[in-house]
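Engineer: So I've got this file, run_11.cif, and it contains mmCIF, C-alpha atoms and all ligand atoms:
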```cif
data_structure
loop_
_atom_site.label_atom_id
_atom_site.label_comp_id
_atom_site.auth_asym_id
_atom_site.auth_seq_id
_atom_site.Cartn_x
_atom_site.Cartn_y
_atom_site.Cartn_z
CA MET A 1 -98.39 104.27 80.66
CA GLY A 2 -97.71 101.00 78.83
CA ARG A 3 -94.94 100.17 76.39
CA ILE A 4 -95.00 101.74 72.94
CA PRO A 5 -96.44 99.31 70.37
CA SER A 6 -94.73 98.68 67.01
CA LEU A 7 -96.38 100.01 63.88
CA ASP A 8 -99.08 97.74 62.48
CA ILE A 9 -97.55 96.42 59.26
CA GLU A 10 -100.71 94.55 58.23
CA ALA A 11 -102.89 97.68 58.55
CA ARG A 12 -100.34 99.57 56.43
CA ARG A 13 -100.34 96.79 53.80
CA GLN A 14 -104.14 96.86 53.57
CA ALA A 15 -104.15 100.67 53.34
CA CYS A 16 -101.52 100.61 50.57
CA ALA A 17 -103.46 97.96 48.62
CA ARG A 18 -106.60 100.08 48.85
CA LEU A 19 -104.71 103.24 47.85
CA ASP A 20 -103.66 101.51 44.62
CA SER A 21 -107.25 100.36 43.94
CA LEU A 22 -108.76 103.87 44.17
CA THR A 23 -109.75 105.79 41.03
CA LYS A 24 -106.52 107.69 40.43
CA PRO A 25 -103.14 106.88 38.88
CA PRO A 26 -101.08 105.06 41.54
CA GLY A 27 -99.20 107.52 43.75
CA SER A 28 -100.89 110.58 42.20
CA LEU A 29 -102.00 111.93 45.58
CA GLY A 30 -98.34 112.13 46.57
CA ARG A 31 -97.59 112.68 50.23
CA LEU A 32 -101.26 112.36 51.11
CA GLU A 33 -100.99 108.67 50.21
CA LYS A 34 -97.95 108.14 52.42
CA LEU A 35 -99.74 110.01 55.21
CA ALA A 36 -102.80 107.77 54.90
CA ALA A 37 -100.61 104.63 55.00
CA ASP A 38 -98.59 105.97 57.95
CA LEU A 39 -101.78 106.76 59.90
CA ALA A 40 -103.06 103.22 59.22
CA ALA A 41 -99.80 101.78 60.60
CA MET A 42 -99.95 104.04 63.67
CA THR A 43 -103.58 103.46 64.57
CA GLY A 44 -103.70 99.80 63.49
CA GLU A 45 -106.77 100.65 61.38
CA PRO A 46 -106.70 99.95 57.61
CA LEU A 47 -109.13 102.87 57.33
CA PRO A 48 -107.75 105.25 59.96
CA ARG A 49 -109.54 108.32 61.37
CA VAL A 50 -107.98 111.36 63.01
CA ASP A 51 -111.16 113.18 63.98
CA PRO A 52 -111.75 114.53 66.48
CA ALA A 53 -108.40 116.14 67.21
CA ALA A 54 -107.46 117.43 70.66
CA ILE A 55 -105.12 120.35 71.24
CA ILE A 56 -103.26 120.49 74.53
CA VAL A 57 -101.44 123.74 75.35
CA LEU A 58 -98.91 123.31 78.15
CA ALA A 59 -97.88 126.55 79.89
CA ALA A 60 -94.98 127.31 82.22
CA ASP A 61 -92.44 129.98 83.05
CA HIS A 62 -88.67 129.88 82.68
CA GLY A 63 -86.12 131.29 85.15
CA VAL A 64 -83.82 132.07 82.23
CA ALA A 65 -86.24 134.82 81.16
CA ALA A 66 -84.44 136.93 83.81
CA GLU A 67 -81.40 136.97 81.51
CA GLY A 68 -83.28 139.12 78.97
CA VAL A 69 -83.42 136.47 76.21
CA SER A 70 -86.95 137.22 74.97
CA ALA A 71 -88.48 140.29 73.33
CA PHE A 72 -91.34 140.05 75.87
CA PRO A 73 -91.49 140.05 79.69
CA ALA A 74 -92.14 136.79 81.58
CA SER A 75 -95.50 138.17 82.77
CA VAL A 76 -96.81 137.56 79.22
CA THR A 77 -96.96 133.80 79.93
CA ALA A 78 -99.73 134.24 82.54
CA GLN A 79 -101.42 136.93 80.46
CA MET A 80 -101.55 134.63 77.45
CA VAL A 81 -102.94 131.80 79.59
CA ALA A 82 -105.82 134.15 80.44
CA ASN A 83 -106.13 135.00 76.74
CA PHE A 84 -106.35 131.28 75.84
CA ALA A 85 -109.05 130.88 78.49
CA ARG A 86 -111.04 133.75 76.97
CA GLY A 87 -110.64 132.34 73.45
CA GLY A 88 -108.58 135.22 72.04
CA ALA A 89 -105.32 133.57 70.93
CA ALA A 90 -104.41 132.27 67.48
CA ILE A 91 -104.71 128.68 68.65
CA ASN A 92 -108.28 129.30 69.86
CA VAL A 93 -109.26 130.45 66.38
CA PHE A 94 -107.59 127.51 64.64
CA ALA A 95 -108.96 125.02 67.20
CA HIS A 96 -112.46 126.28 66.48
CA GLN A 97 -111.92 125.90 62.72
CA ILE A 98 -110.97 122.23 63.04
CA ASN A 99 -113.55 121.48 65.77
CA ALA A 100 -110.81 120.44 68.17
CA ARG A 101 -111.08 120.20 71.91
CA LEU A 102 -108.60 122.72 73.39
CA GLU A 103 -107.25 122.26 76.88
CA VAL A 104 -104.80 124.66 78.53
CA VAL A 105 -102.71 123.15 81.32
CA ASP A 106 -100.73 125.22 83.84
CA VAL A 107 -97.65 123.03 84.49
CA GLY A 108 -95.78 125.80 86.25
CA VAL A 109 -96.67 129.39 85.41
CA ALA A 110 -94.91 131.73 87.89
CA THR A 111 -98.24 133.05 89.18
CA PRO A 112 -100.75 130.15 89.45
CA SER A 113 -103.67 130.28 87.01
CA ASP A 114 -106.16 129.37 89.76
CA GLN A 115 -108.23 132.49 89.07
CA VAL A 116 -108.49 131.70 85.36
CA PRO A 117 -111.66 129.76 84.57
CA GLY A 118 -111.19 126.64 82.43
CA VAL A 119 -107.43 126.24 82.87
CA VAL A 120 -106.37 122.83 84.16
CA LEU A 121 -104.05 123.25 87.16
CA ASP A 122 -101.48 120.44 87.18
CA ARG A 123 -98.51 122.34 88.53
CA VAL A 124 -95.11 120.89 89.27
CA ARG A 125 -93.45 124.09 90.52
CA ALA A 126 -93.69 127.84 89.95
CA GLY A 127 -91.42 128.20 86.93
CA SER A 128 -88.15 126.42 86.18
CA GLY A 129 -84.70 127.44 87.43
CA ASN A 130 -82.50 129.81 85.42
CA ILE A 131 -80.54 127.35 83.27
CA ALA A 132 -77.70 129.84 82.79
CA CYS A 133 -76.70 129.23 86.42
CA GLU A 134 -78.78 126.36 87.86
CA ASP A 135 -80.73 123.28 86.85
CA ALA A 136 -84.19 123.86 85.38
CA MET A 137 -85.62 121.29 87.78
CA SER A 138 -84.86 118.09 89.67
CA SER A 139 -85.17 114.61 88.15
CA ASP A 140 -88.29 114.04 90.24
CA GLU A 141 -89.77 117.24 88.85
CA VAL A 142 -89.02 116.07 85.28
CA LYS A 143 -90.84 112.82 86.03
CA ALA A 144 -93.77 114.75 87.52
CA ALA A 145 -93.92 117.00 84.42
CA LEU A 146 -93.84 113.96 82.10
CA GLU A 147 -96.82 112.61 84.06
CA VAL A 148 -98.68 115.91 83.56
CA GLY A 149 -98.43 115.38 79.79
CA ILE A 150 -99.42 111.72 80.03
CA ARG A 151 -102.50 112.66 82.09
CA ALA A 152 -103.48 115.38 79.61
CA VAL A 153 -103.36 112.87 76.74
CA GLU A 154 -105.41 110.40 78.79
CA ARG A 155 -108.10 113.10 79.27
CA ALA A 156 -108.03 113.87 75.54
CA ARG A 157 -108.38 110.20 74.62
CA ALA A 158 -111.18 109.74 77.16
CA ALA A 159 -112.97 112.61 75.39
CA GLY A 160 -112.64 110.68 72.11
CA ALA A 161 -109.55 112.27 70.56
CA ARG A 162 -107.93 110.31 67.72
CA CYS A 163 -105.08 112.75 67.11
CA VAL A 164 -103.18 114.98 69.50
CA ILE A 165 -101.74 118.42 68.79
CA LEU A 166 -99.32 119.74 71.40
CA GLY A 167 -98.85 123.46 71.92
CA GLU A 168 -96.99 125.53 74.47
CA MET A 169 -96.77 128.94 76.07
CA GLY A 170 -93.75 130.01 78.09
CA ILE A 171 -91.75 133.18 77.62
CA ALA A 172 -88.06 132.28 77.03
CA ASN A 173 -88.83 128.71 76.06
CA THR A 174 -86.94 129.02 72.77
CA THR A 175 -83.80 129.48 74.90
CA ALA A 176 -84.41 126.27 76.85
CA SER A 177 -85.37 124.45 73.62
CA SER A 178 -82.18 125.59 71.89
CA ALA A 179 -80.09 124.41 74.85
CA LEU A 180 -81.82 121.03 74.80
CA LEU A 181 -81.36 120.70 71.04
CA ALA A 182 -77.63 121.44 71.37
CA ALA A 183 -77.34 118.90 74.21
CA PHE A 184 -79.17 116.17 72.28
CA THR A 185 -77.35 116.71 68.97
CA GLY A 186 -73.90 118.02 69.91
CA LEU A 187 -74.49 121.21 67.93
CA SER A 188 -73.11 124.51 69.25
CA ALA A 189 -75.12 127.37 70.76
CA GLU A 190 -74.42 129.31 67.55
CA GLU A 191 -76.04 126.60 65.43
CA VAL A 192 -79.26 126.33 67.44
CA VAL A 193 -80.01 129.89 68.58
CA GLY A 194 -82.90 131.79 67.03
CA ARG A 195 -84.86 135.01 67.42
CA GLY A 196 -87.89 133.54 69.24
CA THR A 197 -90.42 136.33 69.72
CA GLY A 198 -88.31 138.59 67.46
CA ILE A 199 -85.18 139.76 69.28
CA ASP A 200 -82.66 142.06 67.58
CA ASP A 201 -79.05 141.22 66.67
CA ALA A 202 -77.57 142.41 69.98
CA ARG A 203 -80.03 140.34 72.02
CA LEU A 204 -79.51 137.35 69.72
CA ASP A 205 -75.78 137.48 70.47
CA HIS A 206 -76.56 137.74 74.20
CA LYS A 207 -79.01 134.79 73.95
CA ARG A 208 -76.32 132.69 72.24
CA LYS A 209 -73.96 133.42 75.16
CA VAL A 210 -76.66 132.52 77.70
CA ILE A 211 -77.22 129.19 75.92
CA ALA A 212 -73.45 128.58 75.85
CA ARG A 213 -73.30 129.27 79.62
CA ALA A 214 -76.12 126.80 80.22
CA LEU A 215 -74.38 124.13 78.09
CA ALA A 216 -71.08 124.74 79.88
CA ARG A 217 -72.72 123.66 83.17
CA GLY A 218 -73.01 120.16 81.67
CA THR A 219 -75.59 118.53 79.43
CA GLY A 220 -76.36 115.38 81.44
CA ASP A 221 -75.78 111.68 80.85
CA THR A 222 -79.37 110.63 80.21
CA ALA A 223 -82.30 112.28 78.46
CA LEU A 224 -84.00 112.70 81.84
CA ASP A 225 -80.92 114.39 83.24
CA THR A 226 -80.66 116.67 80.18
CA LEU A 227 -84.29 117.74 80.65
CA ALA A 228 -83.58 118.45 84.34
CA ARG A 229 -80.51 120.55 83.58
CA LEU A 230 -81.66 122.49 80.52
CA GLY A 231 -85.36 121.91 79.92
CA GLY A 232 -88.59 123.46 81.02
CA LEU A 233 -91.75 122.25 82.71
CA GLU A 234 -93.99 122.57 79.65
CA ILE A 235 -91.31 121.03 77.41
CA ALA A 236 -91.05 117.99 79.69
CA ALA A 237 -94.85 117.78 79.83
CA MET A 238 -95.01 117.85 76.01
CA ALA A 239 -92.44 115.04 75.92
CA GLY A 240 -94.60 113.07 78.36
CA ALA A 241 -97.64 113.71 76.17
CA CYS A 242 -95.73 112.24 73.19
CA LEU A 243 -94.92 109.14 75.26
CA GLY A 244 -98.55 108.77 76.36
CA ALA A 245 -99.95 109.25 72.86
CA ALA A 246 -97.51 106.77 71.30
CA ALA A 247 -98.31 104.18 73.98
CA GLY A 248 -101.99 104.47 73.00
CA ARG A 249 -101.37 104.41 69.19
CA THR A 250 -102.54 108.03 68.93
CA PRO A 251 -100.77 110.08 66.23
CA VAL A 252 -99.07 113.26 67.46
CA LEU A 253 -99.15 116.19 65.07
CA VAL A 254 -95.98 118.10 65.94
CA ASP A 255 -95.94 121.91 65.83
CA GLY A 256 -92.88 124.17 65.55
CA PHE A 257 -89.47 124.48 67.17
CA ILE A 258 -90.39 123.93 70.81
CA ALA A 259 -92.78 121.07 70.13
CA THR A 260 -90.19 119.39 67.86
CA VAL A 261 -87.50 119.64 70.54
CA ALA A 262 -89.96 118.19 73.07
CA ALA A 263 -90.70 115.35 70.63
CA LEU A 264 -86.94 114.82 70.20
CA ALA A 265 -86.61 114.57 74.00
CA ALA A 266 -89.42 112.00 74.02
CA THR A 267 -87.60 109.88 71.40
CA ARG A 268 -84.45 110.02 73.52
CA LEU A 269 -86.51 108.68 76.43
CA ALA A 270 -88.24 106.04 74.26
CA PRO A 271 -87.14 105.70 70.58
CA GLY A 272 -90.44 104.06 69.58
CA VAL A 273 -92.18 107.45 69.94
CA ARG A 274 -90.76 108.45 66.55
CA ASP A 275 -93.20 106.14 64.74
CA TYR A 276 -96.18 108.17 66.01
CA LEU A 277 -94.98 111.65 64.98
CA VAL A 278 -96.31 113.63 62.01
CA PHE A 279 -94.62 116.99 61.42
CA GLY A 280 -97.09 119.80 60.80
CA HIS A 281 -94.95 122.68 59.61
CA ARG A 282 -91.48 124.13 59.23
CA SER A 283 -91.11 127.04 61.65
CA ASP A 284 -89.07 130.12 60.82
CA GLU A 285 -87.21 129.70 64.13
CA ALA A 286 -83.55 129.19 63.17
CA GLY A 287 -82.99 125.88 64.98
CA HIS A 288 -86.08 124.13 63.68
CA GLY A 289 -84.31 122.67 60.65
CA GLU A 290 -81.73 121.04 62.92
CA ALA A 291 -84.45 119.69 65.25
CA LEU A 292 -86.31 118.22 62.26
CA ALA A 293 -83.09 116.75 60.88
CA ALA A 294 -82.38 115.06 64.22
CA LEU A 295 -85.76 113.33 63.90
CA GLY A 296 -85.73 112.83 60.13
CA GLY A 297 -88.97 114.83 60.01
CA GLU A 298 -90.46 116.27 56.80
CA PRO A 299 -93.04 118.93 57.65
CA LEU A 300 -96.28 119.19 55.69
CA LEU A 301 -96.45 122.98 55.53
CA SER A 302 -93.95 125.82 55.28
CA LEU A 303 -95.78 129.09 55.89
CA GLY A 304 -93.15 131.21 57.62
CA LEU A 305 -94.87 130.79 60.99
CA ARG A 306 -92.94 131.34 64.24
CA LEU A 307 -95.62 131.41 66.90
CA GLY A 308 -95.92 128.08 68.70
CA GLU A 309 -99.12 127.39 70.73
CA GLY A 310 -99.72 124.43 68.38
CA SER A 311 -100.77 126.86 65.64
CA GLY A 312 -98.85 125.32 62.72
CA ALA A 313 -99.95 121.81 63.64
CA ALA A 314 -103.59 122.91 63.84
CA LEU A 315 -103.26 124.42 60.36
CA ALA A 316 -101.80 121.16 59.03
CA TYR A 317 -104.49 118.97 60.64
CA PRO A 318 -106.97 119.22 57.70
CA LEU A 319 -104.36 117.44 55.53
CA LEU A 320 -104.44 114.45 57.89
CA ALA A 321 -108.23 114.51 57.82
CA SER A 322 -108.13 114.66 54.00
CA ALA A 323 -105.73 111.71 53.83
CA CYS A 324 -108.11 109.61 55.93
CA ALA A 325 -111.22 110.72 54.03
CA MET A 326 -109.57 110.02 50.69
CA LEU A 327 -108.62 106.50 51.77
CA SER A 328 -112.05 105.60 53.10
CA GLU A 329 -114.39 107.52 50.78
CA MET A 330 -112.93 107.37 47.26
CA ALA A 331 -114.37 104.81 44.86
CA THR A 332 -112.23 101.94 43.63
CA PHE A 333 -111.72 101.24 39.91
CA ALA A 334 -113.94 98.17 40.29
CA ASP A 335 -116.75 100.01 42.13
CA ALA A 336 -116.79 102.89 39.66
CA GLY A 337 -116.35 100.79 36.52
CA VAL A 338 -113.25 102.73 35.54
CA GLU A 339 -110.71 100.84 33.42
CA GLY A 340 -107.09 100.39 34.42
CA GLY A 341 -107.32 99.27 38.02
CA PRO A 342 -104.69 97.11 39.75
CA SER A 343 -105.99 93.77 38.42
CA ALA A 344 -106.51 95.07 34.83
C1 LIG B 1 -98.04 137.55 72.85
C2 LIG B 1 -97.31 136.24 72.62
C3 LIG B 1 -98.03 135.09 72.28
C4 LIG B 1 -97.35 133.91 72.06
N1 LIG B 1 -97.78 132.68 71.73
C5 LIG B 1 -96.76 131.87 71.62
N2 LIG B 1 -95.61 132.52 71.88
C6 LIG B 1 -94.31 131.92 71.74
O1 LIG B 1 -93.25 132.79 72.16
C7 LIG B 1 -92.55 132.29 73.28
C8 LIG B 1 -91.15 131.87 72.92
O2 LIG B 1 -90.36 132.92 72.48
P1 LIG B 1 -89.21 133.52 73.39
O3 LIG B 1 -88.29 132.41 73.71
O4 LIG B 1 -88.58 134.58 72.52
O5 LIG B 1 -89.88 134.12 74.59
C9 LIG B 1 -93.35 131.09 73.77
O6 LIG B 1 -94.22 131.49 74.77
C10 LIG B 1 -94.04 130.63 72.52
O7 LIG B 1 -95.13 129.83 72.76
C11 LIG B 1 -95.95 133.81 72.16
C12 LIG B 1 -95.21 134.94 72.52
C13 LIG B 1 -95.89 136.17 72.75
C14 LIG B 1 -95.10 137.38 73.12
O1 LIG B 2 -91.60 127.45 66.23
C1 LIG B 2 -92.02 127.70 67.37
O2 LIG B 2 -92.58 126.83 68.07
C2 LIG B 2 -91.80 129.07 67.95
C3 LIG B 2 -90.98 129.98 67.34
C4 LIG B 2 -90.81 131.23 67.90
C5 LIG B 2 -91.46 131.55 69.07
N1 LIG B 2 -92.26 130.67 69.63
C6 LIG B 2 -92.44 129.43 69.10
#
```
Translate the structure of the given file into structure tokens.
Structural biologist:
Amino acid sequence: MGRIPSLDIEARRQACARLDSLTKPPGSLGRLEKLAADLAAMTGEPLPRVDPAAIIVLAADHGVAAEGVSAFPASVTAQMVANFARGGAAINVFAHQINARLEVVDVGVATPSDQVPGVVLDRVRAGSGNIACEDAMSSDEVKAALEVGIRAVERARAAGARCVILGEMGIANTTASSALLAAFTGLSAEEVVGRGTGIDDARLDHKRKVIARALARGTGDTALDTLARLGGLEIAAMAGACLGAAAGRTPVLVDGFIATVAALAATRLAPGVRDYLVFGHRSDEAGHGEALAALGGEPLLSLGLRLGEGSGAALAYPLLASACAMLSEMATFADAGVEGGPSA
């Protein structure tokens, strides 16, 4: 992976000039105009394109599931991987709608997905350690997981992808994500804990205590160390995917809570990643607002989703495609003979 390039100011300038020459009052397409200009700056293309999109779902298990922090058993991770492979999950449906390539990568499901056709096996270890009482993984394992994400983005780009959507599957990963968010921001367990798959009040209180125990073991001196102590294999892989996409000027459409925390981790590893992030939606998971605030992210959609898998980002993708189409396909005042253009 190379260094992360700066945004292309000249491509943004050209995109902005064109936006003002199109047959509409200046600024009347609101955030779509900013999105078009941002995508030009990211890609270095005055007329950017985001099609085709590629969705990468990273899957792994979490030792902390043994603490009873999820409404579902850890075995659901492997079962959902099989469901993704058969095409039956929400993300399969949304991927199909936006004609996106969907790849499911086993980074560390407890039971290897080697019997599941179509799943990419790029395993670092069989599930992470229980962060309540041990590190999630070693520093070398974090580095290996980052590489898994970088490789997945390289495959997507080789297949022609111009935009990457990162999704995840891993029972108990909202616990690890909350712990990471607290470590990166200095917030308390109370401020970052959420209901994940839908736990009740008693379990929420227990989950908060589990996160507090994990944080009390120490949060690490570097972002890599924090990921090793409190993270998860798929979260580290998603962070690596953000690094790889940014290095190749490929916009990353960020999903919900877990994906946003992974993106935050990536920016702590390499601040330049931030320039390549577009935020798809505001999740109902309690800590998502804090994760977005830490990144200064303004999501496109707010639909009350709390699923993950990349689902909210996939739903937001048509807005990116519309921004690009608007910029390249609308007529200018001059072309259309409409009065009142920029030079009038
Ligand atoms: C059937 C099913 C499908 C899912 N798809 C995504 N998640 C989401 O829920 C999990 C995180 O919540 P928690 O931390 O409470 O376990 C992750 O796997 C996430 O991707 C799912 C969860 C379930 C049960
Ligand atoms: O926002 C998310 O990514 C999320 C929220 C709850 C459960 N799983 C994922």
Engineer: Would you kindly return, as a JSON list (two decimals) with C-alpha atoms, keeping the file's coordinate frame, each protein, DNA or RNA residue with an atom no farther than 7 Å from any atom of Gly167 (chain A), considering all atoms listed in the file and excluding same-chain residues fewer than 4 positions away?
Structural biologist:
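Result file follows (out20.json):
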```json
[["chain", "number", "residue", "atom", "x", "y", "z"],
["A", 56, "ILE", "CA", -103.26, 120.49, 74.53],
["A", 57, "VAL", "CA", -101.44, 123.74, 75.35],
["A", 58, "LEU", "CA", -98.91, 123.31, 78.15],
["A", 255, "ASP", "CA", -95.94, 121.91, 65.83],
["A", 259, "ALA", "CA", -92.78, 121.07, 70.13],
["A", 308, "GLY", "CA", -95.92, 128.08, 68.70],
["A", 309, "GLU", "CA", -99.12, 127.39, 70.73],
["A", 310, "GLY", "CA", -99.72, 124.43, 68.38]]
```
Engineer: Go through A:Asp61, A:Asp225, A:Glu290, A:Asp201 and flag the residue nearest ligand LIG 1 (chain B), using only C-alpha atoms and all ligand atoms for the distances.
Structural biologist: A:Asp61
Engineer: Need to verify the contact set: Val119 (chain A), 8 Å, all atoms listed in the file, exclusion of same-chain residues closer than 4 positions in sequence. Can you return it as a PDB file with C-alpha atoms, in the frame of the given file?
Structural biologist:
```pdb
ATOM      1  CA  VAL A  81    -102.940 131.800  79.590  1.00  0.00           C
ATOM      2  CA  ALA A  85    -109.050 130.880  78.490  1.00  0.00           C
ATOM      3  CA  GLU A 103    -107.250 122.260  76.880  1.00  0.00           C
ATOM      4  CA  VAL A 104    -104.800 124.660  78.530  1.00  0.00           C
ATOM      5  CA  VAL A 105    -102.710 123.150  81.320  1.00  0.00           C
ATOM      6  CA  ASP A 106    -100.730 125.220  83.840  1.00  0.00           C
ATOM      7  CA  SER A 113    -103.670 130.280  87.010  1.00  0.00           C
ATOM      8  CA  ASP A 114    -106.160 129.370  89.760  1.00  0.00           C
TER       9      ASP A 114
END
```
Engineer: Between atom O3 of ligand LIG 1 (chain B) and CA of Thr197 (chain A), what is the distance in Å, rounded to a tenth?
Structural biologist: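 Computing it gives 6.0 Å between the two atoms.
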Engineer: Have a look at A:Ala66, A:Ile91, A:Val278, A:Leu181 and name the one nearest to Ala262 (chain A); count all atoms listed in the file.
Structural biologist: A:Leu181
Engineer: Produce as a list in words the set of residues near ligand LIG 2 (chain B), where near means within 6 Å with only C-alpha atoms and all ligand atoms considered.
Structural biologist: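 Counting only C-alpha atoms and all ligand atoms, the residues within 6 Å of ligand LIG 2 (chain B) come out as Gly196, Thr197, Gly256, Phe257, Ile258, Ser283, Glu285, Arg306, Leu307 and Gly308 of chain A.
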